[in-house]
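Structure file data-v4.cif with mmCIF, C-alpha atoms:
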```cif
data_upload
loop_
_atom_site.label_atom_id
_atom_site.label_comp_id
_atom_site.auth_asym_id
_atom_site.auth_seq_id
_atom_site.Cartn_x
_atom_site.Cartn_y
_atom_site.Cartn_z
CA MET A 1 144.42 45.03 312.58
CA HIS A 2 141.70 47.67 313.03
CA GLU A 3 140.07 45.94 310.06
CA THR A 4 138.40 43.59 312.57
CA MET A 5 136.46 46.45 314.13
CA VAL A 6 135.66 47.83 310.67
CA ALA A 7 134.44 44.37 309.65
CA GLN A 8 132.15 44.20 312.70
CA SER A 9 130.61 47.59 311.95
CA LEU A 10 130.28 46.62 308.30
CA LEU A 11 128.53 43.36 309.18
CA ALA A 12 126.06 45.23 311.39
CA THR A 13 125.36 47.80 308.66
CA ILE A 14 124.86 45.19 305.90
CA SER A 15 122.65 43.08 308.20
CA ASP A 16 120.45 46.13 308.99
CA GLU A 17 120.04 47.00 305.32
CA SER A 18 119.31 43.38 304.40
CA ALA A 19 116.62 43.17 307.06
CA LYS A 20 115.07 46.36 305.65
CA GLN A 21 115.11 44.94 302.12
CA ASN A 22 114.08 41.51 303.37
CA ALA A 23 116.60 39.97 300.97
CA LYS A 24 119.81 37.98 301.09
CA PRO A 25 122.97 39.98 300.28
CA ILE A 26 125.40 38.58 297.70
CA SER A 27 128.01 41.32 297.48
CA ALA A 28 128.83 44.75 298.86
CA LYS A 29 130.87 47.71 297.64
CA ILE A 30 132.69 49.83 300.16
CA SER A 31 134.96 52.82 299.72
CA CYS A 32 137.56 54.40 301.94
CA GLY A 33 140.19 57.10 301.91
CA THR A 34 143.79 55.94 301.59
CA LEU A 35 144.70 57.35 305.01
CA ASN A 36 142.27 54.95 306.69
CA ALA A 37 144.93 52.32 305.96
CA ILE A 38 142.50 49.52 305.16
CA ASN A 39 144.15 46.39 303.85
CA ASN A 40 141.74 44.57 301.52
CA GLU A 41 142.90 41.06 302.31
CA VAL A 42 142.81 41.62 306.05
CA LEU A 43 139.36 43.21 305.87
CA CYS A 44 137.93 40.44 303.68
CA PHE A 45 139.44 37.74 305.88
CA ALA A 46 138.07 39.35 309.06
CA PHE A 47 134.66 39.81 307.47
CA GLU A 48 134.55 36.22 306.24
CA ALA A 49 135.38 34.98 309.73
CA ILE A 50 132.78 37.00 311.62
CA ALA A 51 130.06 36.59 308.97
CA LYS A 52 130.06 32.80 309.33
CA GLY A 53 126.63 31.55 310.35
CA THR A 54 124.96 34.91 309.59
CA MET A 55 122.94 35.95 306.55
CA CYS A 56 126.09 37.70 305.30
CA GLU A 57 128.13 34.50 305.12
CA GLY A 58 129.96 34.16 301.82
CA ILE A 59 129.21 37.62 300.43
CA LYS A 60 131.81 39.23 298.24
CA LEU A 61 133.37 42.53 299.29
CA GLU A 62 134.70 45.03 296.83
CA VAL A 63 136.87 47.81 298.30
CA GLU A 64 137.56 51.04 296.47
CA HIS A 65 140.41 53.15 297.82
CA LYS A 66 139.95 56.85 297.26
CA PRO A 67 143.11 58.89 296.80
CA ILE A 68 144.36 61.43 299.31
CA ARG A 69 143.25 64.89 298.10
CA GLY A 70 145.14 68.13 298.44
CA ARG A 71 144.51 71.79 297.59
CA CYS A 72 147.41 73.70 296.11
CA LYS A 73 148.30 76.81 298.10
CA ASN A 74 149.72 78.48 295.03
CA CYS A 75 147.11 77.95 292.30
CA LYS A 76 144.20 76.57 294.41
CA GLU A 77 143.92 73.46 292.26
CA ASN A 78 142.46 70.38 294.02
CA PHE A 79 144.42 67.27 293.14
CA ASP A 80 145.22 63.64 294.01
CA VAL A 81 148.20 63.54 296.33
CA ALA A 82 150.81 61.07 295.14
CA LEU A 83 153.16 59.81 297.85
CA PRO A 84 155.94 60.15 298.77
CA GLU A 85 156.74 63.37 296.83
CA PRO A 86 153.41 65.13 296.32
CA ARG A 87 153.32 68.10 293.92
CA CYS A 88 150.53 70.06 292.30
CA PRO A 89 150.05 68.68 288.75
CA LYS A 90 149.12 72.12 287.45
CA CYS A 91 151.84 74.43 288.82
CA ASP A 92 154.31 71.90 290.34
CA SER A 93 154.20 73.55 293.78
CA GLY A 94 154.82 71.31 296.79
CA GLU A 95 152.84 73.68 299.04
CA PHE A 96 149.34 72.37 299.61
CA ASP A 97 146.76 71.71 302.29
CA LEU A 98 145.51 68.21 302.86
CA LEU A 99 141.77 67.88 302.34
CA PRO A 100 139.78 65.59 304.67
CA ASP A 101 140.24 61.91 303.90
CA ALA A 102 137.22 60.10 302.43
CA PRO A 103 135.34 58.26 305.21
CA LEU A 104 134.72 54.51 305.24
CA MET A 105 131.44 54.11 303.36
CA LEU A 106 129.16 51.24 302.54
CA GLU A 107 128.24 52.30 299.00
CA GLU A 108 126.12 49.54 297.56
CA ILE A 109 124.72 46.08 298.32
CA GLU A 110 123.65 43.55 295.76
CA PHE A 111 120.81 41.25 296.84
CA GLU A 112 119.55 37.94 295.54
CA THR A 113 116.49 38.26 293.34
CA GLU A 114 113.84 35.61 293.53
CA MET B 1 119.12 43.70 292.65
CA LYS B 2 121.55 46.45 293.58
CA VAL B 3 120.75 48.99 296.27
CA ASN B 4 122.65 52.23 296.91
CA VAL B 5 123.32 52.55 300.61
CA GLY B 6 125.77 55.43 301.16
CA LYS B 7 126.23 54.86 304.90
CA ARG B 8 129.29 55.61 306.99
CA ILE B 9 130.59 52.32 308.33
CA LEU B 10 132.10 53.79 311.48
CA SER B 11 129.07 55.93 312.30
CA ALA B 12 128.64 54.31 315.74
CA ASN B 13 132.17 55.40 316.69
CA GLU B 14 131.65 58.83 315.11
CA GLU B 15 128.51 59.42 317.17
CA TYR B 16 130.42 58.80 320.39
CA ALA B 17 133.27 61.00 319.15
CA LEU B 18 130.78 63.81 318.58
CA LYS B 19 129.35 63.37 322.09
CA ASN B 20 132.84 63.49 323.58
CA ARG B 21 133.68 66.60 321.58
CA GLN B 22 130.54 68.37 322.82
CA PHE B 23 131.27 67.34 326.40
CA LEU B 24 134.82 68.72 326.17
CA THR B 25 133.83 71.90 324.34
CA GLU B 26 131.18 72.75 326.94
CA ARG B 27 133.79 72.47 329.67
CA LYS B 28 136.51 74.25 327.66
CA ILE B 29 138.86 71.31 328.08
CA LEU B 30 141.64 70.81 325.57
CA CYS B 31 141.88 67.12 324.67
CA LEU B 32 144.84 65.56 322.87
CA ASN B 33 145.05 62.04 321.47
CA MET B 34 148.65 60.87 321.71
CA ILE B 35 149.63 58.21 319.19
CA SER B 36 152.89 56.37 318.57
CA SER B 37 154.54 52.97 318.33
CA PRO B 38 154.95 51.07 321.61
CA GLY B 39 157.96 52.29 323.57
CA SER B 40 158.37 55.74 322.04
CA GLY B 41 158.22 57.36 325.48
CA LYS B 42 154.60 58.60 325.66
CA THR B 43 154.19 57.89 329.37
CA THR B 44 157.55 59.44 330.25
CA ILE B 45 156.58 62.53 328.24
CA LEU B 46 153.30 62.72 330.17
CA VAL B 47 154.94 62.35 333.58
CA ARG B 48 157.48 65.08 332.84
CA THR B 49 154.85 67.36 331.33
CA ILE B 50 152.45 66.98 334.27
CA ASN B 51 155.23 67.67 336.78
CA ALA B 52 156.55 70.67 334.84
CA LEU B 53 153.12 72.30 334.42
CA LYS B 54 151.69 71.36 337.82
CA ASN B 55 151.26 74.95 338.98
CA GLU B 56 149.93 76.26 335.68
CA ILE B 57 147.47 73.82 334.14
CA THR B 58 145.62 70.83 335.56
CA ILE B 59 146.00 67.74 333.45
CA GLY B 60 143.99 64.52 333.47
CA VAL B 61 145.04 61.38 331.63
CA ILE B 62 143.27 58.51 329.93
CA GLU B 63 145.60 55.57 329.46
CA GLY B 64 144.98 52.93 326.81
CA ASP B 65 146.81 49.62 326.84
CA ILE B 66 146.08 46.09 325.79
CA GLN B 67 146.92 44.77 329.26
CA THR B 68 147.83 46.10 332.74
CA ASP B 69 147.54 49.45 334.49
CA LEU B 70 151.30 49.98 334.70
CA ASP B 71 151.07 53.31 332.88
CA ALA B 72 148.25 54.56 335.10
CA GLU B 73 150.40 53.79 338.13
CA LYS B 74 153.19 56.01 336.76
CA ILE B 75 150.71 58.83 336.18
CA ARG B 76 149.16 58.34 339.63
CA ALA B 77 152.58 58.99 341.17
CA THR B 78 152.32 62.56 339.81
CA GLU B 79 148.94 62.92 341.60
CA ALA B 80 147.21 63.74 338.30
CA PRO B 81 143.83 62.06 337.87
CA VAL B 82 144.04 59.06 335.53
CA VAL B 83 141.72 56.42 334.13
CA GLN B 84 143.16 53.25 332.64
CA ILE B 85 141.39 51.50 329.78
CA GLU B 86 142.49 47.92 329.16
CA THR B 87 141.45 47.01 325.63
CA LYS B 88 142.13 43.27 326.12
CA GLY B 89 143.51 42.85 322.63
CA ALA B 90 142.04 45.72 320.62
CA CYS B 91 144.74 47.68 318.80
CA HIS B 92 143.21 51.15 319.32
CA LEU B 93 140.86 53.05 321.63
CA SER B 94 137.26 53.64 320.57
CA ALA B 95 135.22 56.78 321.21
CA ALA B 96 132.80 54.77 323.38
CA GLN B 97 135.64 53.68 325.69
CA VAL B 98 136.82 57.29 325.97
CA ASN B 99 133.24 58.37 326.73
CA THR B 100 133.16 56.04 329.74
CA ALA B 101 136.60 57.21 330.86
CA LEU B 102 135.61 60.90 330.59
CA ASN B 103 132.78 60.26 333.02
CA ARG B 104 135.24 58.86 335.52
CA LEU B 105 137.59 61.86 335.45
CA PRO B 106 137.04 64.92 337.69
CA THR B 107 136.43 67.04 334.59
CA ASP B 108 135.17 70.10 336.49
CA ASN B 109 138.74 70.89 337.48
CA LEU B 110 140.65 70.01 334.33
CA ASP B 111 142.22 72.25 331.68
CA LEU B 112 143.69 69.49 329.58
CA ILE B 113 143.07 65.79 329.04
CA ILE B 114 145.70 63.72 327.28
CA ILE B 115 144.63 60.36 325.93
CA GLU B 116 147.55 57.99 325.61
CA ASN B 117 146.34 55.65 322.89
CA VAL B 118 147.40 52.01 322.53
CA GLY B 119 150.96 51.85 321.19
CA ASN B 120 150.43 51.41 317.45
CA LEU B 121 151.38 53.71 314.58
CA VAL B 122 148.57 52.64 312.24
CA CYS B 123 145.16 51.74 313.68
CA PRO B 124 144.53 54.49 316.28
CA SER B 125 144.77 57.22 313.65
CA ALA B 126 141.65 55.88 311.89
CA PHE B 127 139.36 56.27 314.94
CA GLU B 128 138.23 59.72 316.03
CA LEU B 129 137.79 59.95 319.80
CA GLY B 130 136.38 63.47 319.97
CA GLU B 131 139.79 64.98 320.66
CA THR B 132 140.82 68.57 319.90
CA GLY B 133 143.89 67.26 318.10
CA LYS B 134 146.32 64.41 317.68
CA ILE B 135 149.92 64.33 318.88
CA ALA B 136 152.33 61.95 317.15
CA VAL B 137 155.40 60.74 319.00
CA LEU B 138 158.32 59.21 317.14
CA SER B 139 161.40 58.08 319.03
CA VAL B 140 164.73 58.26 317.23
CA ALA B 141 165.34 54.53 317.74
CA GLU B 142 162.47 53.80 315.33
CA GLY B 143 164.21 55.39 312.33
CA ASP B 144 163.75 58.61 310.40
CA ASP B 145 161.77 56.95 307.59
CA LYS B 146 158.59 56.48 309.64
CA PRO B 147 156.78 59.62 308.38
CA VAL B 148 157.12 58.26 304.83
CA LYS B 149 156.21 54.68 305.76
CA TYR B 150 153.22 55.50 308.02
CA PRO B 151 151.87 58.75 306.56
CA ALA B 152 148.38 58.81 308.11
CA ILE B 153 149.30 59.70 311.67
CA PHE B 154 151.81 62.36 310.64
CA ALA B 155 149.32 63.86 308.17
CA ARG B 156 146.63 64.12 310.85
CA SER B 157 148.61 65.39 313.85
CA LYS B 158 148.90 68.94 315.18
CA VAL B 159 152.24 68.17 316.81
CA LEU B 160 155.09 65.75 316.27
CA LEU B 161 157.41 65.05 319.18
CA ILE B 162 160.67 63.50 318.05
CA ASN B 163 161.65 61.89 321.33
CA LYS B 164 164.66 60.20 322.91
CA THR B 165 167.04 62.67 321.28
CA ASP B 166 169.47 61.87 324.12
CA LEU B 167 170.18 58.60 322.27
CA LEU B 168 171.65 60.54 319.37
CA LYS B 169 174.40 61.91 321.57
CA VAL B 170 175.74 58.39 322.09
CA GLY B 171 176.84 58.46 318.49
CA ALA B 172 177.13 54.92 317.22
CA ALA B 173 173.89 53.44 318.55
CA VAL B 174 171.28 55.30 316.50
CA ASP B 175 171.27 56.96 313.08
CA PHE B 176 168.41 59.37 312.81
CA ASP B 177 168.30 62.39 310.53
CA ILE B 178 166.00 64.82 312.35
CA GLU B 179 165.84 67.17 309.36
CA ARG B 180 164.76 64.34 307.07
CA ALA B 181 162.01 63.23 309.47
CA LYS B 182 160.80 66.84 309.80
CA ALA B 183 160.79 67.43 306.04
CA ASP B 184 158.91 64.18 305.38
CA ALA B 185 156.32 64.89 308.08
CA ARG B 186 155.73 68.35 306.57
CA LYS B 187 155.21 67.02 303.05
CA LEU B 188 151.67 66.00 303.98
CA ASN B 189 151.16 68.42 306.83
CA LYS B 190 152.62 71.89 306.40
CA GLY B 191 151.24 73.20 309.67
CA ILE B 192 152.54 70.46 311.96
CA GLU B 193 154.51 71.75 314.97
CA ILE B 194 157.62 69.69 315.57
CA PHE B 195 159.61 69.53 318.80
CA ALA B 196 162.74 67.44 319.28
CA THR B 197 162.64 66.24 322.87
CA SER B 198 164.20 64.01 325.43
CA ALA B 199 161.58 63.27 328.04
CA LYS B 200 164.29 61.55 330.04
CA THR B 201 166.68 64.50 330.35
CA GLY B 202 164.10 67.24 329.78
CA GLU B 203 165.96 68.69 326.82
CA GLY B 204 163.64 70.36 324.30
CA MET B 205 160.55 69.86 326.45
CA ALA B 206 160.03 73.59 327.09
CA GLY B 207 158.86 74.22 323.52
CA TRP B 208 156.22 71.51 323.84
CA HIS B 209 155.12 72.80 327.24
CA ASN B 210 154.80 76.35 325.91
CA TRP B 211 152.73 75.08 322.99
CA LEU B 212 150.39 73.32 325.43
CA LYS B 213 150.02 76.42 327.62
CA LYS B 214 149.24 78.53 324.58
CA GLN B 215 146.56 76.10 323.35
CA VAL B 216 144.88 75.99 326.77
CA LYS B 217 144.98 79.77 327.00
CA ASN B 218 143.51 80.20 323.51
CA LEU B 219 140.69 77.79 324.30
CA GLN B 220 139.81 79.21 327.69
CA GLY B 221 140.41 82.86 326.88
CA ALA B 222 137.90 82.74 324.05
#
```

Can you dump the structure from the file as structure tokens?
Amino acid sequence: MHETMVAQSLLATISDESAKQNAKPISAKISCGTLNAINNEVLCFAFEAIAKGTMCEGIKLEVEHKPIRGRCKNCKENFDVALPEPRCPKCDSGEFDLLPDAPLMLEEIEFETE
Amino acid sequence: MKVNVGKRILSANEEYALKNRQFLTERKILCLNMISSPGSGKTTILVRTINALKNEITIGVIEGDIQTDLDAEKIRATEAPVVQIETKGACHLSAAQVNTALNRLPTDNLDLIIIENVGNLVCPSAFELGETGKIAVLSVAEGDDKPVKYPAIFARSKVLLINKTDLLKVGAAVDFDIERAKADARKLNKGIEIFATSAKTGEGMAGWHNWLKKQVKNLQGA
């Protein structure tokens, strides 16, 4: 349900960028770490609802989920953490430190060209 | 025409979180963001903790709920300073709300501020408030599979309190494998401190209280 607040911040960020470019946005790519627990359908639905009547109405959102990353304590390899039984792919150790989750990012906007 | 943006979507929240962190660091106040499902016993844990540590550390509380100031009333009975935030529907606290609340607490006299977030095991963990660390609470009635089902909060917390252990003594009512919950929580978070507690009877609370005292001492002694 926190997708609503994410959608609001996203709308504000896309609107700012569109004003700067003086162009109408058609689609936007965002990325987020898996631990941010963003549900694509919920985010798109919330965005669609709050974007109605704004310049962002009808734009298409593409969401890329970045994997959780870990650093093996044994062999120092950085790897994608696979739930629910994460192990280092190189040495098979289960001992690792979690690396910071990727933040929610607005990566790219596509604008209409005249 | 495609334009690379590369902007953090939650930057407005992150800016407030940073301000809060600076505010707390300057005053050497430990700040913990307590997160759990509704009804895990967060407020009862707070009341018992405040009463037990009354003569050793001064604790202030920020209460987050969707409606009412029922929790703040319970904290007020302990005489600890408390600020209630009613989110009116929002499923988590934001750093801006905590910023306002911090300004309403008598922070000159506090060693520790505990933020009781809105009862929700998912959303609050995605919003930094400027806290020193997160505390997850899981009551045994919720089931021992929660660390696997809701990994984010367990991965990000310094401490896990497995609460309402008094229910386990009843026998038939609740099945909860404490060792399984501990092992699953540690899969993503090797350093997490875990205490099995009953805030109602007080059993197991001493370990948690000692942890708190140590953290405050480390912060203020430095």

Original post:
Written as a ChimeraX atom specification, which residues does the PyMOL selection byres ((chain B and resi 42) around 12) give for the file shown?
Top reply: /B:33-41,43-49,61,63-65,71,74-75,114-120,135-139,160-164,197-200

Which residues match the PyMOL selection byres ((chain B) within 12 of (chain A)) in the file above, as a PDB file with C-alpha atoms, keeping the file's coordinate frame?
```pdb
ATOM      1  CA  MET B   1     119.120  43.700 292.650  1.00  0.00           C
ATOM      2  CA  LYS B   2     121.550  46.450 293.580  1.00  0.00           C
ATOM      3  CA  VAL B   3     120.750  48.990 296.270  1.00  0.00           C
ATOM      4  CA  ASN B   4     122.650  52.230 296.910  1.00  0.00           C
ATOM      5  CA  VAL B   5     123.320  52.550 300.610  1.00  0.00           C
ATOM      6  CA  GLY B   6     125.770  55.430 301.160  1.00  0.00           C
ATOM      7  CA  LYS B   7     126.230  54.860 304.900  1.00  0.00           C
ATOM      8  CA  ARG B   8     129.290  55.610 306.990  1.00  0.00           C
ATOM      9  CA  ILE B   9     130.590  52.320 308.330  1.00  0.00           C
ATOM     10  CA  LEU B  10     132.100  53.790 311.480  1.00  0.00           C
ATOM     11  CA  SER B  11     129.070  55.930 312.300  1.00  0.00           C
ATOM     12  CA  ALA B  12     128.640  54.310 315.740  1.00  0.00           C
ATOM     13  CA  ASN B  13     132.170  55.400 316.690  1.00  0.00           C
ATOM     14  CA  GLU B  14     131.650  58.830 315.110  1.00  0.00           C
ATOM     15  CA  GLY B  89     143.510  42.850 322.630  1.00  0.00           C
ATOM     16  CA  ALA B  90     142.040  45.720 320.620  1.00  0.00           C
ATOM     17  CA  CYS B  91     144.740  47.680 318.800  1.00  0.00           C
ATOM     18  CA  HIS B  92     143.210  51.150 319.320  1.00  0.00           C
ATOM     19  CA  LEU B  93     140.860  53.050 321.630  1.00  0.00           C
ATOM     20  CA  SER B  94     137.260  53.640 320.570  1.00  0.00           C
ATOM     21  CA  VAL B 118     147.400  52.010 322.530  1.00  0.00           C
ATOM     22  CA  ASN B 120     150.430  51.410 317.450  1.00  0.00           C
ATOM     23  CA  LEU B 121     151.380  53.710 314.580  1.00  0.00           C
ATOM     24  CA  VAL B 122     148.570  52.640 312.240  1.00  0.00           C
ATOM     25  CA  CYS B 123     145.160  51.740 313.680  1.00  0.00           C
ATOM     26  CA  PRO B 124     144.530  54.490 316.280  1.00  0.00           C
ATOM     27  CA  SER B 125     144.770  57.220 313.650  1.00  0.00           C
ATOM     28  CA  ALA B 126     141.650  55.880 311.890  1.00  0.00           C
ATOM     29  CA  PHE B 127     139.360  56.270 314.940  1.00  0.00           C
ATOM     30  CA  GLU B 128     138.230  59.720 316.030  1.00  0.00           C
ATOM     31  CA  ASP B 145     161.770  56.950 307.590  1.00  0.00           C
ATOM     32  CA  LYS B 146     158.590  56.480 309.640  1.00  0.00           C
ATOM     33  CA  PRO B 147     156.780  59.620 308.380  1.00  0.00           C
ATOM     34  CA  VAL B 148     157.120  58.260 304.830  1.00  0.00           C
ATOM     35  CA  LYS B 149     156.210  54.680 305.760  1.00  0.00           C
ATOM     36  CA  TYR B 150     153.220  55.500 308.020  1.00  0.00           C
ATOM     37  CA  PRO B 151     151.870  58.750 306.560  1.00  0.00           C
ATOM     38  CA  ALA B 152     148.380  58.810 308.110  1.00  0.00           C
ATOM     39  CA  ILE B 153     149.300  59.700 311.670  1.00  0.00           C
ATOM     40  CA  PHE B 154     151.810  62.360 310.640  1.00  0.00           C
ATOM     41  CA  ALA B 155     149.320  63.860 308.170  1.00  0.00           C
ATOM     42  CA  ARG B 156     146.630  64.120 310.850  1.00  0.00           C
ATOM     43  CA  SER B 157     148.610  65.390 313.850  1.00  0.00           C
ATOM     44  CA  ALA B 183     160.790  67.430 306.040  1.00  0.00           C
ATOM     45  CA  ASP B 184     158.910  64.180 305.380  1.00  0.00           C
ATOM     46  CA  ALA B 185     156.320  64.890 308.080  1.00  0.00           C
ATOM     47  CA  ARG B 186     155.730  68.350 306.570  1.00  0.00           C
ATOM     48  CA  LYS B 187     155.210  67.020 303.050  1.00  0.00           C
ATOM     49  CA  LEU B 188     151.670  66.000 303.980  1.00  0.00           C
ATOM     50  CA  ASN B 189     151.160  68.420 306.830  1.00  0.00           C
ATOM     51  CA  LYS B 190     152.620  71.890 306.400  1.00  0.00           C
ATOM     52  CA  GLY B 191     151.240  73.200 309.670  1.00  0.00           C
ATOM     53  CA  ILE B 192     152.540  70.460 311.960  1.00  0.00           C
TER      54      ILE B 192
END
```

**OP:** State, in Å with one decimal place, the distance from atom CA of Asn109 of chain B to atom CA of Thr58 of chain B.
**Re:** 7.1 Å

**OP:** Given the file shown, determine the residues that the PyMOL selection byres ((chain A and resi 77) around 10) selects; report them as a PyMOL selection string.
**Re:** chain A and resi 70-76+78-79+88-91+96

**OP:** Extract, using only C-alpha atoms, all DNA, RNA and protein residues at most 8 Å from segment 52-55 of chain A, discarding same-chain residues fewer than 2 positions from it, and format them as a PyMOL selection string.
**Re:** chain A and resi 15+24-25+48-50+57-58

Starting from the point (139.1, 58.9, 297.1), work out which residues of protein, DNA or RNA have an atom no more than 7 Å away when counting only C-alpha atoms; state them as a JSON list (two decimals) with C-alpha atoms, keeping the file's coordinate frame.
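out16.json, freshly written:
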```
[["chain", "number", "residue", "atom", "x", "y", "z"],
["A", 32, "CYS", "CA", 137.56, 54.40, 301.94],
["A", 33, "GLY", "CA", 140.19, 57.10, 301.91],
["A", 65, "HIS", "CA", 140.41, 53.15, 297.82],
["A", 66, "LYS", "CA", 139.95, 56.85, 297.26],
["A", 67, "PRO", "CA", 143.11, 58.89, 296.80],
["A", 68, "ILE", "CA", 144.36, 61.43, 299.31],
["A", 102, "ALA", "CA", 137.22, 60.10, 302.43]]
```

**OP:** Rounded to one decimal place, report the atom CA of Val98 of chain B-atom CA of Ala17 of chain B distance in Å.
**Re:**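 Atom CA of Val98 of chain B sits 8.5 Å away from atom CA of Ala17 of chain B.
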
Near segment 106-108 of chain B, counting all atoms listed in the file, which residues have an atom at most 9 Å away, once you skip same-chain residues fewer than 2 positions from it, shown as an mmCIF file with C-alpha atoms, in the frame of the given file?
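Full text of part_32.cif as output:
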```cif
data_model
loop_
_atom_site.group_PDB
_atom_site.id
_atom_site.type_symbol
_atom_site.label_atom_id
_atom_site.label_comp_id
_atom_site.auth_asym_id
_atom_site.auth_seq_id
_atom_site.Cartn_x
_atom_site.Cartn_y
_atom_site.Cartn_z
ATOM 1 C CA LEU B 24 134.820 68.720 326.170
ATOM 2 C CA ARG B 27 133.790 72.470 329.670
ATOM 3 C CA ILE B 29 138.860 71.310 328.080
ATOM 4 C CA GLY B 60 143.990 64.520 333.470
ATOM 5 C CA PRO B 81 143.830 62.060 337.870
ATOM 6 C CA LEU B 102 135.610 60.900 330.590
ATOM 7 C CA ASN B 103 132.780 60.260 333.020
ATOM 8 C CA ARG B 104 135.240 58.860 335.520
ATOM 9 C CA LEU B 110 140.650 70.010 334.330
ATOM 10 C CA ASP B 111 142.220 72.250 331.680
ATOM 11 C CA ILE B 113 143.070 65.790 329.040
#
```

**OP:** Quote the spacing between atom CA of Tyr16 of chain B and atom CA of Glu41 of chain A in Å to one decimal place.
**Re:**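 Atom CA of Glu41 of chain A lies at a distance of 28.2 Å from atom CA of Tyr16 of chain B.
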
Please reconstruct the missing atoms of segment 84-89 of chain A (target: all heavy atoms) and return them as a short mmCIF file (atom, residue, chain, number, x, y, z; two decimals), in the frame of the given file.
```cif
data_model
loop_
_atom_site.label_atom_id
_atom_site.label_comp_id
_atom_site.auth_asym_id
_atom_site.auth_seq_id
_atom_site.Cartn_x
_atom_site.Cartn_y
_atom_site.Cartn_z
N PRO A 84 155.58 59.37 297.59
CA PRO A 84 155.94 60.15 298.77
C PRO A 84 156.35 61.59 298.44
O PRO A 84 156.73 62.31 299.36
CB PRO A 84 157.15 59.38 299.31
CG PRO A 84 157.82 58.84 298.08
CD PRO A 84 156.73 58.63 297.05
N GLU A 85 156.30 62.01 297.18
CA GLU A 85 156.74 63.37 296.83
C GLU A 85 155.59 64.15 296.18
O GLU A 85 155.62 64.39 294.98
CB GLU A 85 157.94 63.32 295.86
CG GLU A 85 159.21 62.71 296.43
CD GLU A 85 159.91 63.60 297.44
OE1 GLU A 85 159.62 64.81 297.48
OE2 GLU A 85 160.74 63.07 298.19
N PRO A 86 154.58 64.50 296.94
CA PRO A 86 153.41 65.13 296.32
C PRO A 86 153.69 66.52 295.76
O PRO A 86 154.36 67.33 296.41
CB PRO A 86 152.40 65.19 297.47
CG PRO A 86 153.17 65.03 298.71
CD PRO A 86 154.46 64.35 298.38
N ARG A 87 153.20 66.76 294.55
CA ARG A 87 153.32 68.10 293.92
C ARG A 87 152.03 68.38 293.16
O ARG A 87 151.35 67.48 292.69
CB ARG A 87 154.48 68.13 292.93
CG ARG A 87 155.83 67.74 293.49
CD ARG A 87 156.96 68.38 292.70
NE ARG A 87 157.19 69.76 293.10
CZ ARG A 87 157.93 70.12 294.14
NH1 ARG A 87 158.49 69.23 294.92
NH2 ARG A 87 158.09 71.40 294.43
N CYS A 88 151.72 69.66 293.06
CA CYS A 88 150.53 70.06 292.30
C CYS A 88 150.77 69.75 290.81
O CYS A 88 151.78 70.18 290.26
CB CYS A 88 150.27 71.54 292.50
SG CYS A 88 148.97 72.17 291.42
N PRO A 89 149.85 69.02 290.16
CA PRO A 89 150.05 68.68 288.75
C PRO A 89 149.96 69.89 287.83
O PRO A 89 150.45 69.86 286.70
CB PRO A 89 148.92 67.68 288.46
CG PRO A 89 147.90 67.94 289.50
CD PRO A 89 148.60 68.48 290.70
#
```
